[in-house]
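Engineer: Okay, so here is final.cif, and as you'll see once you scroll down, it has mmCIF, C-alpha atoms.
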data_data
loop_
_atom_site.label_atom_id
_atom_site.label_comp_id
_atom_site.auth_asym_id
_atom_site.auth_seq_id
_atom_site.Cartn_x
_atom_site.Cartn_y
_atom_site.Cartn_z
CA MET A 1 55.51 118.64 192.39
CA LEU A 2 53.47 121.33 194.17
CA CYS A 3 56.58 122.89 195.68
CA THR A 4 58.34 122.99 192.28
CA ILE A 5 55.47 124.77 190.47
CA LEU A 6 54.90 127.19 193.37
CA CYS A 7 58.57 128.21 193.44
CA PHE A 8 58.44 128.76 189.68
CA GLY A 9 55.40 131.04 190.04
CA LEU A 10 56.97 133.06 192.87
CA GLN A 11 60.18 133.51 190.87
CA ILE A 12 58.17 134.98 187.98
CA SER A 13 56.40 137.37 190.39
CA VAL A 14 59.71 138.55 191.85
CA ASP A 15 61.11 139.16 188.38
CA ALA A 16 58.06 141.28 187.54
CA LEU A 17 58.40 143.31 190.72
CA THR A 18 62.06 144.06 190.19
CA SER A 19 61.36 145.28 186.66
CA ILE A 20 59.42 148.29 187.99
CA HIS A 21 61.49 151.49 188.30
CA LEU A 22 61.85 151.54 192.04
CA ASP A 23 65.54 152.32 191.81
CA LYS A 24 64.84 156.08 191.60
CA PRO A 25 64.82 157.37 195.20
CA PHE A 26 62.50 160.06 196.41
CA VAL A 27 64.70 163.16 196.89
CA PRO A 28 63.43 165.61 199.51
CA THR A 29 63.65 169.38 199.05
CA THR A 30 67.13 170.52 200.07
CA ILE A 31 67.25 172.77 203.09
CA ARG A 32 69.37 175.76 202.41
CA PRO A 33 72.48 175.92 204.61
CA ASN A 34 72.49 178.43 207.41
CA HIS A 35 75.91 180.10 207.56
CA SER A 36 75.42 181.02 211.13
CA SER A 37 77.66 178.94 213.35
CA VAL A 38 75.66 179.53 216.49
CA SER A 39 73.58 176.85 218.10
CA SER A 40 71.54 177.06 221.17
CA ILE A 41 69.98 174.53 223.47
CA GLY A 42 66.97 175.30 225.53
CA CYS A 43 66.24 173.33 228.71
CA SER A 44 63.86 173.69 231.54
CA ARG A 45 63.34 171.23 234.33
CA GLY A 46 63.67 168.14 232.09
CA LEU A 47 60.55 169.01 229.98
CA LEU A 48 60.81 169.63 226.23
CA PHE A 49 58.30 171.54 224.13
CA HIS A 50 58.05 172.78 220.56
CA GLY A 51 60.01 175.99 219.96
CA ARG A 52 58.85 179.37 218.83
CA ARG A 53 58.87 180.39 215.20
CA GLN A 54 60.97 183.52 215.82
CA HIS A 55 64.65 183.00 216.49
CA PRO A 56 67.31 185.37 217.72
CA PRO A 57 69.65 186.62 215.02
CA GLY A 58 72.65 184.42 214.34
CA ALA A 59 71.29 181.33 216.16
CA VAL A 60 69.09 178.33 215.40
CA ASN A 61 66.65 177.57 218.20
CA LEU A 62 66.36 173.80 218.49
CA PHE A 63 64.25 173.52 221.60
CA SER A 64 62.47 176.16 223.60
CA LEU A 65 60.24 176.31 226.60
CA GLY A 66 57.15 177.76 225.06
CA ARG A 67 56.02 180.66 227.20
CA SER A 68 58.61 180.07 229.90
CA ARG A 69 61.12 182.87 230.19
CA THR A 70 63.77 180.68 231.76
CA ILE A 71 66.15 180.05 228.83
CA CYS A 72 69.73 178.79 228.84
CA SER A 73 71.76 179.63 225.75
CA MET A 74 75.18 178.51 224.68
CA SER A 75 76.97 180.08 221.78
CA THR A 76 79.98 178.91 219.85
CA PRO A 77 82.60 181.07 218.15
CA SER A 78 81.99 181.97 214.53
CA SER A 79 85.16 180.19 213.52
CA MET A 80 83.37 176.72 213.34
CA PRO A 81 83.58 175.34 209.78
CA HIS A 82 80.46 175.61 207.66
CA ALA A 83 78.44 172.46 206.90
CA ASP A 84 77.63 171.53 203.32
CA LEU A 85 74.04 170.68 204.28
CA ALA A 86 71.88 172.31 206.85
CA VAL A 87 69.20 170.10 208.41
CA ARG A 88 66.16 171.56 210.07
CA LEU A 89 65.10 169.05 212.71
CA ASP A 90 61.86 170.91 213.24
CA GLN A 91 60.73 170.02 209.69
CA PRO A 92 60.13 166.53 208.19
CA LEU A 93 62.38 165.20 205.45
CA LEU A 94 59.35 164.39 203.34
CA SER A 95 56.54 166.78 203.07
CA PRO A 96 52.97 165.36 203.32
CA ALA A 97 52.56 165.80 199.59
CA GLN A 98 55.73 163.87 198.83
CA TYR A 99 54.73 161.08 201.24
CA GLN A 100 51.30 160.83 199.66
CA SER A 101 52.90 160.69 196.21
CA ALA A 102 55.18 157.83 197.27
CA SER A 103 52.26 155.89 198.78
CA ASN A 104 50.23 156.29 195.62
CA TYR A 105 53.18 155.16 193.55
CA MET A 106 53.59 151.98 195.65
CA ILE A 107 49.85 151.23 195.44
CA ARG A 108 49.88 151.64 191.68
CA SER A 109 52.93 149.38 191.41
CA ALA A 110 51.34 146.68 193.56
CA PHE A 111 48.11 146.88 191.58
CA ALA A 112 50.07 146.62 188.34
CA ILE A 113 51.65 143.40 189.61
CA LEU A 114 48.29 141.96 190.61
CA VAL A 115 46.71 142.56 187.20
CA SER A 116 49.76 141.52 185.20
CA ASP A 117 49.71 138.36 183.08
CA VAL A 118 52.77 137.06 184.91
CA PHE A 119 51.01 137.13 188.28
CA LYS A 120 47.89 135.55 186.79
CA THR A 121 50.03 132.76 185.30
CA ALA A 122 51.68 132.13 188.66
CA CYS A 123 48.27 131.95 190.38
CA VAL A 124 46.90 129.56 187.77
CA ALA A 125 50.03 127.37 188.09
CA PHE A 126 49.64 127.30 191.85
CA LEU A 127 45.97 126.32 191.62
CA ILE A 128 46.70 123.59 189.08
CA ALA A 129 49.51 122.18 191.22
CA PHE A 130 47.32 122.29 194.33
CA PHE A 131 44.49 120.51 192.53
CA ILE A 132 46.79 117.83 191.12
CA THR A 133 48.37 117.18 194.52
CA PHE A 134 45.00 117.06 196.28
CA ALA A 135 43.51 114.82 193.61
CA SER A 136 46.53 112.48 193.73
CA LYS A 137 46.34 112.10 197.51
CA SER A 138 42.59 111.61 197.36
CA PHE A 139 42.97 108.94 194.67
CA ARG A 140 45.57 107.03 196.69
CA GLN A 141 43.41 107.18 199.79
CA MET A 142 40.36 106.09 197.84
CA LYS A 143 42.35 103.24 196.28
CA LYS A 144 43.39 102.02 199.73
CA SER A 145 39.80 102.17 200.94
CA VAL A 146 38.56 100.27 197.90
CA GLN A 147 41.28 97.63 198.40
CA VAL A 148 40.22 97.14 202.03
CA VAL A 149 36.61 96.68 200.94
CA LEU A 150 37.62 94.23 198.19
CA ASN A 151 39.74 92.20 200.63
CA ALA A 152 36.84 92.06 203.08
CA LEU A 153 34.45 90.96 200.33
CA ASN A 154 36.93 88.31 199.13
CA HIS A 155 37.30 87.01 202.70
CA ILE A 156 33.53 86.79 203.13
CA SER A 157 33.19 85.10 199.75
CA ARG A 158 35.80 82.46 200.60
CA LEU A 159 34.18 81.85 203.99
CA ALA A 160 30.82 81.30 202.30
CA LYS A 161 32.39 79.01 199.70
CA GLY A 162 34.17 77.04 202.44
CA LYS A 163 30.94 76.55 204.38
CA ILE A 164 29.24 75.28 201.23
CA MET A 165 32.09 72.84 200.59
CA ARG A 166 31.94 71.68 204.20
CA PHE A 167 28.22 71.04 203.83
CA THR A 168 28.54 69.17 200.53
CA ASP A 169 31.41 67.03 201.88
CA ARG A 170 28.92 65.33 204.17
CA PHE A 171 27.06 63.86 201.21
CA GLN A 172 30.09 62.93 199.12
CA THR A 173 31.38 59.42 199.44
CA GLU A 174 35.04 58.82 198.73
CA ALA A 175 35.67 56.27 196.00
CA LYS A 176 36.73 53.07 197.67
CA GLY A 177 40.10 51.72 196.76
CA ILE A 178 42.03 48.60 197.58
CA PRO A 179 44.84 48.56 200.14
CA MET A 180 48.09 47.81 198.41
CA VAL A 181 49.14 44.20 198.57
CA PHE A 182 52.67 43.61 199.93
CA GLU A 183 54.86 40.58 199.49
CA GLY A 184 56.06 38.65 202.53
CA THR A 185 54.72 38.47 206.07
CA GLY A 186 54.83 40.66 209.18
CA GLU A 187 57.06 43.68 209.21
CA GLU A 188 59.18 42.37 206.35
CA ARG A 189 56.43 42.88 203.79
CA TRP A 190 57.50 44.92 200.82
CA GLY A 191 56.18 46.17 197.51
CA VAL A 192 57.30 48.11 194.47
CA CYS A 193 56.54 51.53 192.97
CA THR A 194 57.71 53.49 189.94
CA LEU A 195 58.86 57.10 189.76
CA SER A 196 56.31 58.80 187.50
CA LYS A 197 56.69 62.55 187.94
CA VAL A 198 59.15 65.14 189.31
CA GLN A 199 58.03 68.75 189.76
CA PRO A 200 59.02 71.76 191.88
CA LEU A 201 56.71 72.94 194.64
CA GLY A 202 55.93 76.54 193.72
CA ARG A 203 58.71 78.94 194.60
CA SER A 204 60.00 76.81 197.46
CA GLN A 205 63.29 74.93 197.65
CA PHE A 206 61.44 71.60 197.71
CA THR A 207 60.63 69.14 194.92
CA GLU A 208 57.71 66.73 194.72
CA TYR A 209 58.39 63.15 193.61
CA GLU A 210 55.35 61.14 192.57
CA PHE A 211 55.45 57.33 192.57
CA LYS A 212 52.99 55.11 190.79
CA LEU A 213 51.63 52.00 192.53
CA PRO A 214 51.25 48.67 190.69
CA LYS A 215 47.46 49.15 190.30
CA GLU A 216 45.36 52.30 189.94
CA GLU A 217 42.93 51.24 192.70
CA TYR A 218 45.73 50.68 195.21
CA PHE A 219 46.35 53.06 198.08
CA LEU A 220 48.82 52.95 200.94
CA PRO A 221 47.01 51.82 204.14
CA LEU A 222 48.99 54.14 206.40
CA ALA A 223 47.83 55.02 209.92
CA LEU A 224 47.73 58.62 211.08
CA GLY A 225 51.34 59.75 211.55
CA GLN A 226 52.83 56.65 209.90
CA GLN A 227 55.71 56.90 207.44
CA VAL A 228 56.59 54.97 204.29
CA THR A 229 60.11 53.58 203.79
CA LEU A 230 61.69 53.71 200.32
CA TYR A 231 64.61 51.51 199.19
CA CYS A 232 66.93 51.47 196.18
CA LEU A 233 70.53 50.76 195.17
CA ASP A 234 72.95 53.57 194.43
CA SER A 235 75.60 53.59 191.71
CA ALA A 236 78.00 51.75 194.05
CA ASP A 237 75.40 49.00 194.70
CA ASN A 238 74.91 50.14 198.28
CA VAL A 239 71.42 50.01 199.73
CA ALA A 240 69.95 53.48 200.23
CA LYS A 241 66.75 53.96 202.22
CA ARG A 242 64.80 56.75 203.85
CA ASN A 243 61.54 57.26 205.73
CA TYR A 244 59.06 59.82 204.39
CA PHE A 245 55.68 61.20 205.36
CA VAL A 246 53.35 60.98 202.38
CA TYR A 247 52.58 64.36 200.81
CA SER A 248 48.88 64.57 199.94
CA PRO A 249 47.66 68.18 199.54
CA GLY A 250 44.34 67.08 197.99
CA LYS A 251 41.05 66.64 199.80
CA ASN A 252 41.08 62.84 199.54
CA LYS A 253 43.82 60.29 199.91
CA PRO A 254 45.44 59.57 196.56
CA LYS A 255 44.80 56.26 194.81
CA GLY A 256 47.11 54.56 192.39
CA HIS A 257 50.02 56.79 193.41
CA PHE A 258 51.60 58.68 196.30
CA SER A 259 54.06 61.57 196.64
CA VAL A 260 56.95 62.61 198.85
CA ILE A 261 58.88 65.87 198.90
CA ALA A 262 62.60 66.46 199.30
CA LYS A 263 64.73 69.54 199.80
CA LYS A 264 67.09 70.68 197.07
CA TYR A 265 70.03 68.31 197.21
CA ILE A 266 73.40 69.67 198.29
CA PRO A 267 76.28 67.28 197.42
CA GLU A 268 78.10 65.97 200.41
CA ASN A 269 81.84 66.21 200.98
CA ALA A 270 83.83 63.73 198.87
CA ILE A 271 85.63 62.40 201.95
CA GLU A 272 82.35 61.83 203.79
CA MET A 273 80.94 60.04 200.74
CA LYS A 274 83.89 57.65 200.66
CA LYS A 275 83.51 56.89 204.38
CA ARG A 276 79.78 56.27 203.97
CA ARG A 277 80.23 54.00 201.00
CA ALA A 278 82.99 52.14 202.82
CA ARG A 279 80.43 51.34 205.50
CA GLY A 280 78.11 50.01 202.79
CA GLU A 281 75.60 52.80 203.24
CA GLY A 282 73.83 54.65 200.47
CA ASP A 283 72.37 58.18 200.44
CA PHE A 284 68.76 57.99 199.25
CA GLU A 285 68.44 61.77 198.76
CA GLN A 286 71.49 61.74 196.52
CA VAL A 287 70.07 58.84 194.51
CA LEU A 288 66.67 60.51 194.27
CA ALA A 289 68.12 63.80 193.05
CA THR A 290 70.92 62.63 190.73
CA GLU A 291 70.50 58.95 189.79
CA LEU A 292 66.82 58.03 189.75
CA ASP A 293 64.98 58.67 186.48
CA VAL A 294 61.30 58.70 185.64
CA GLY A 295 60.26 55.10 184.99
CA ASP A 296 62.75 53.60 187.43
CA GLU A 297 61.38 51.12 189.95
CA ILE A 298 62.17 51.07 193.67
CA ALA A 299 60.99 49.11 196.70
CA LEU A 300 58.81 50.34 199.58
CA GLN A 301 57.64 49.18 202.98
CA MET A 302 55.19 50.41 205.58
CA GLY A 303 57.26 52.69 207.83
CA PRO A 304 57.21 53.39 211.57
CA ARG A 305 54.22 54.85 213.44
CA THR A 306 55.20 58.16 214.97
CA LEU A 307 52.07 59.75 216.49
CA GLU A 308 51.75 58.84 220.16
CA TYR A 309 50.04 60.50 223.14
CA LYS A 310 51.49 59.69 226.56
CA GLY A 311 49.46 62.15 228.65
CA GLU A 312 46.77 61.29 231.17
CA TYR A 313 44.13 63.78 229.97
CA LEU A 314 41.65 61.84 227.88
CA PRO A 315 39.89 62.35 225.59
CA VAL A 316 42.05 64.70 223.54
CA THR A 317 39.91 67.75 222.76
CA ASP A 318 42.48 70.25 221.41
CA MET A 319 45.46 69.84 219.10
CA VAL A 320 48.38 72.26 218.83
CA TYR A 321 50.70 71.66 215.87
CA PHE A 322 54.17 73.18 215.57
CA ALA A 323 55.92 72.69 212.21
CA ALA A 324 59.01 74.01 210.46
CA ALA A 325 59.61 73.91 206.68
CA ASP A 326 58.55 70.53 205.21
CA GLY A 327 57.59 69.38 208.71
CA ILE A 328 54.17 70.68 207.72
CA VAL A 329 53.59 67.55 205.57
CA PRO A 330 52.46 65.18 208.39
CA VAL A 331 50.68 68.06 210.15
CA MET A 332 48.64 68.82 207.04
CA ASP A 333 47.53 65.18 206.79
CA GLN A 334 46.53 65.06 210.46
CA VAL A 335 44.63 68.36 210.31
CA LYS A 336 42.48 67.11 207.42
CA SER A 337 41.76 63.94 209.38
CA VAL A 338 40.65 65.43 212.73
CA LEU A 339 38.68 68.49 211.54
CA PRO A 340 35.53 66.92 210.03
CA SER A 341 32.65 66.62 212.48
CA GLY A 342 32.36 63.17 214.00
CA SER A 343 35.82 62.09 212.85
CA SER A 344 37.45 62.54 216.27
CA SER A 345 37.01 64.01 219.75
CA VAL A 346 39.01 67.10 218.75
CA LYS A 347 37.06 70.37 219.00
CA GLY A 348 39.82 72.89 218.28
CA VAL A 349 43.03 72.89 216.22
CA SER A 350 45.88 75.42 216.20
CA VAL A 351 48.68 75.30 213.61
CA ILE A 352 51.88 77.34 213.96
CA TRP A 353 54.06 76.98 210.86
CA THR A 354 57.45 78.68 210.66
CA ASN A 355 59.84 79.14 207.75
CA LYS A 356 63.13 80.97 207.28
CA ASP A 357 62.19 81.76 203.68
CA GLU A 358 58.77 83.14 202.77
CA LYS A 359 58.78 81.14 199.53
CA ASP A 360 58.69 77.83 201.44
CA PHE A 361 55.11 78.56 202.49
CA ASP A 362 54.16 77.44 198.97
CA ILE A 363 54.42 73.85 200.20
CA ALA A 364 51.00 73.80 201.86
CA LEU A 365 49.64 77.32 202.29
CA SER A 366 46.76 76.92 199.82
CA THR A 367 45.70 73.65 201.49
CA LEU A 368 45.71 75.22 204.95
CA GLU A 369 43.71 78.18 203.62
CA ASP A 370 41.08 75.86 202.16
CA GLU A 371 40.77 74.01 205.47
CA TYR A 372 40.56 77.27 207.39
CA PHE A 373 37.69 78.65 205.30
CA LYS A 374 35.85 75.36 205.75
CA TYR A 375 36.41 75.21 209.51
CA SER A 376 37.03 78.84 210.49
CA THR A 377 35.45 78.37 213.93
CA LYS A 378 37.52 75.27 214.65
CA LEU A 379 40.90 75.93 213.03
CA ALA A 380 43.47 78.67 213.70
CA VAL A 381 46.53 78.98 211.45
CA SER A 382 49.60 81.15 212.10
CA CYS A 383 52.38 81.39 209.51
CA VAL A 384 55.50 82.93 211.05
CA LEU A 385 58.64 84.01 209.22
CA GLU A 386 61.61 83.15 211.44
CA ASP A 387 64.18 85.73 212.44
CA HIS A 388 67.64 84.31 211.71
CA ASN A 389 69.13 86.23 214.64
CA ALA A 390 66.52 85.37 217.29
CA SER A 391 65.38 82.13 218.88
CA LEU A 392 61.78 80.94 218.92
CA THR A 393 61.54 81.64 222.64
CA GLU A 394 62.03 85.36 221.88
CA ASN A 395 59.51 85.52 219.03
CA GLU A 396 56.44 87.50 220.10
CA GLU A 397 54.29 86.20 217.23
CA ILE A 398 54.84 82.61 218.32
CA ASP A 399 54.19 83.48 221.94
CA GLU A 400 50.85 85.02 220.99
CA ALA A 401 49.88 82.13 218.69
CA VAL A 402 50.42 79.35 221.24
CA PRO A 403 47.24 78.78 223.29
CA LYS A 404 47.46 78.14 227.00
CA PHE A 405 47.40 74.55 228.14
CA ASN A 406 44.12 73.01 229.16
CA PRO A 407 43.56 69.40 230.20
CA GLY A 408 42.89 67.44 227.03
CA THR A 409 45.36 69.42 224.90
CA MET A 410 48.01 67.57 222.89
CA ALA A 411 50.94 69.27 221.17
CA VAL A 412 52.68 67.81 218.10
CA VAL A 413 56.09 69.09 216.95
CA SER A 414 57.47 68.39 213.48
CA GLY A 415 60.80 69.82 212.39
CA PRO A 416 64.60 69.68 212.79
CA LYS A 417 66.04 68.72 216.18
CA SER A 418 67.16 72.25 217.05
CA PHE A 419 63.68 73.55 216.18
CA SER A 420 61.96 70.84 218.25
CA ALA A 421 64.11 71.61 221.29
CA GLN A 422 63.18 75.30 221.21
CA VAL A 423 59.48 74.51 220.71
CA VAL A 424 59.47 72.20 223.73
CA THR A 425 60.88 75.07 225.80
CA VAL A 426 58.15 77.40 224.55
CA LEU A 427 55.41 74.88 225.32
CA VAL A 428 56.74 74.03 228.79
CA ASN A 429 56.86 77.76 229.60
CA LYS A 430 53.20 77.91 228.56
CA GLY A 431 52.33 75.16 231.06
CA TYR A 432 52.35 72.11 228.75
CA PRO A 433 53.44 68.86 230.48
CA GLU A 434 56.18 67.09 228.53
CA ASN A 435 54.15 63.87 228.34
CA CYS A 436 51.51 65.81 226.38
CA ILE A 437 54.07 66.78 223.69
CA CYS A 438 54.73 64.42 220.76
CA ILE A 439 57.85 65.01 218.66
CA LEU A 440 57.67 63.56 215.15
CA PRO A 441 60.89 62.27 213.52
CA TYR A 442 62.59 64.54 211.03
CA ASP A 443 65.49 63.25 208.94
#
As structure tokens, please, write out the structure in this file.
Structural biologist:
Amino acid sequence: MLCTILCFGLQISVDALTSIHLDKPFVPTTIRPNHSSVSSIGCSRGLLFHGRRQHPPGAVNLFSLGRSRTICSMSTPSSMPHADLAVRLDQPLLSPAQYQSASNYMIRSAFAILVSDVFKTACVAFLIAFFITFASKSFRQMKKSVQVVLNALNHISRLAKGKIMRFTDRFQTEAKGIPMVFEGTGEERWGVCTLSKVQPLGRSQFTEYEFKLPKEEYFLPLALGQQVTLYCLDSADNVAKRNYFVYSPGKNKPKGHFSVIAKKYIPENAIEMKKRRARGEGDFEQVLATELDVGDEIALQMGPRTLEYKGEYLPVTDMVYFAAADGIVPVMDQVKSVLPSGSSSVKGVSVIWTNKDEKDFDIALSTLEDEYFKYSTKLAVSCVLEDHNASLTENEEIDEAVPKFNPGTMAVVSGPKSFSAQVVTVLVNKGYPENCICILPYD
């Protein structure tokens, strides 16, 4: 904007200058032609001096030697053609008076430009443009500074709020529930639940499915890292089942219901579906996404236990969690369990959560933030957006986020098989023994 207004002002000034009558040249007094065709050159030992005022008849003395009497003259015949203009080189083209007149004229012209309304307008336009540009830059800089201060104040406020919540949690007692009662004995015990709610998880590609238990005071008595197994029949009367980690973003374990999350369903190939159904197998994700309605009842069982430490460094004092996409679900549950003081021997927790899509962080980001502000000196969280063209072993952010191995450190990996394989490589390169790494199942 400044450049545009300045160019406009300069153009106006140039137009004003060109409107002054400078196209009339200063004409010097014409020197009368000398019809004599004789010229002479004076020279003496390479030194030149001003000539005398008296000249020999019929010749123009261009240079002379002052008082020296040594003079060389050369004359030309009188038949040389006459010039239309005779120039006296011993006199200036402009007399001092003419030169002074021209200088005064230029000064008056310049002064006229300076005091003209056009020039004043250009100057005012320039000053306005300069002020606007300066004020705009200053405002943007001030806005950035204010935003930094506001972010810092918000961070401090959330830290203070988290510390207050951490303090009050010590005096709050969780309402006691009743472990759900299952039919049967041993590992064959089973129960029922009813689909009660289906809702998307923020902007992510995942959906939350909430199931209601037979009684409001019931809760699932799952161990840390244990899954729940869900059963149902598909439209072809084939049994479909799947293991899930319970999704519980709240502070306390849910009572009377539980939730699982599933990725947006992509229909399988028709040929593969026929082969699967021919084997008598059902696809639980397909049933959950396309056949199961709110109010439908399905069966459930206590699933496999998946969290196991095989290392020799006891007690475990540090936990390092690696998760991808919805693999954060079991990690989130474990983090909330080991962080409170006195709940375990763990003194430090690091969480590295990766996603290929930034929107998938909506699954548990707010929960991890709440836990961080409550335990900022004990918990470190790193959310990393994966590069589709680079492996995890080449990711500098992940390399910086992974702490070095110390005796008593346990690493837990939760994600697809390809992800888990790369994470194991990263951890081994950092000095982690393989028996100190636990890989959770991911269907």
Engineer: Using atom CA of Ile328 of chain A and atom CA of Ala390 of chain A as the two end points, give the distance in Å to one decimal.
Structural biologist: 21.4 Å
Engineer: Suppose a student applies the PyMOL selection byres ((chain A and resi 221) around 8) to this structure; what residues should they get, written as a list in words?
Structural biologist: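 On the file shown, the PyMOL selection byres ((chain A and resi 221) around 8) covers Pro179, Met180, Phe219, Leu220, Leu222 and Ala223 of chain A.
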Engineer: May I ask for the distance between atom CA of Lys264 of chain A and atom CA of Asp283 of chain A, given in Å to one decimal place?
Structural biologist: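 Value for the atom CA of Lys264 of chain A-atom CA of Asp283 of chain A distance: 14.0 Å.
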Engineer: Provide the atom CA of Val198 of chain A to atom CA of Val294 of chain A distance in Å, to one decimal place.
Structural biologist: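 According to the coordinates, atom CA of Val198 of chain A and atom CA of Val294 of chain A are separated by 7.7 Å.
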Engineer: Do you know which residues the PyMOL selection byres ((chain A and resi 242) around 8) returns on this file, as a CSV table (one decimal) with C-alpha atoms, keeping the file's coordinate frame?
Structural biologist:
chain,number,residue,atom,x,y,z
A,229,THR,CA,60.1,53.6,203.8
A,230,LEU,CA,61.7,53.7,200.3
A,231,TYR,CA,64.6,51.5,199.2
A,240,ALA,CA,70.0,53.5,200.2
A,241,LYS,CA,66.8,54.0,202.2
A,243,ASN,CA,61.5,57.3,205.7
A,244,TYR,CA,59.1,59.8,204.4
A,284,PHE,CA,68.8,58.0,199.2
Engineer: Please provide the set of residues having any atom within 10 Å of Tyr309 of chain A, restricted to all atoms listed in the file, with same-chain residues fewer than 2 positions apart removed, written as a list in words.
Structural biologist: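 Result of the neighbour search: Thr306, Leu307, Gly311, Glu312, Tyr313, Leu314, Val316, Met410, Ala411, Val412, Asn435, Cys436, Ile437 and Cys438 of chain A.
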Engineer: Measuring between all atoms listed in the file, which one of A:Pro416, A:Pro200, A:Pro340, A:Pro403 shows the shortest distance to Pro441 of chain A?
Structural biologist: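 Using all atoms listed in the file, Pro441 of chain A sits closest to A:Pro416.
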Engineer: Which residues are close to Gly348 of chain A, i.e. within 8 Å by only C-alpha atoms, leaving aside same-chain residues fewer than 6 positions away? Reply as a list in words.
Structural biologist: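 Using only C-alpha atoms, the neighbours found are Thr317, Asp318, Met319, Lys378 and Leu379 of chain A.
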Engineer: Apply the PyMOL selection byres ((chain A and resi 301) around 7) to the structure shown and report the selected residues as a count of residues only.
Structural biologist: 9
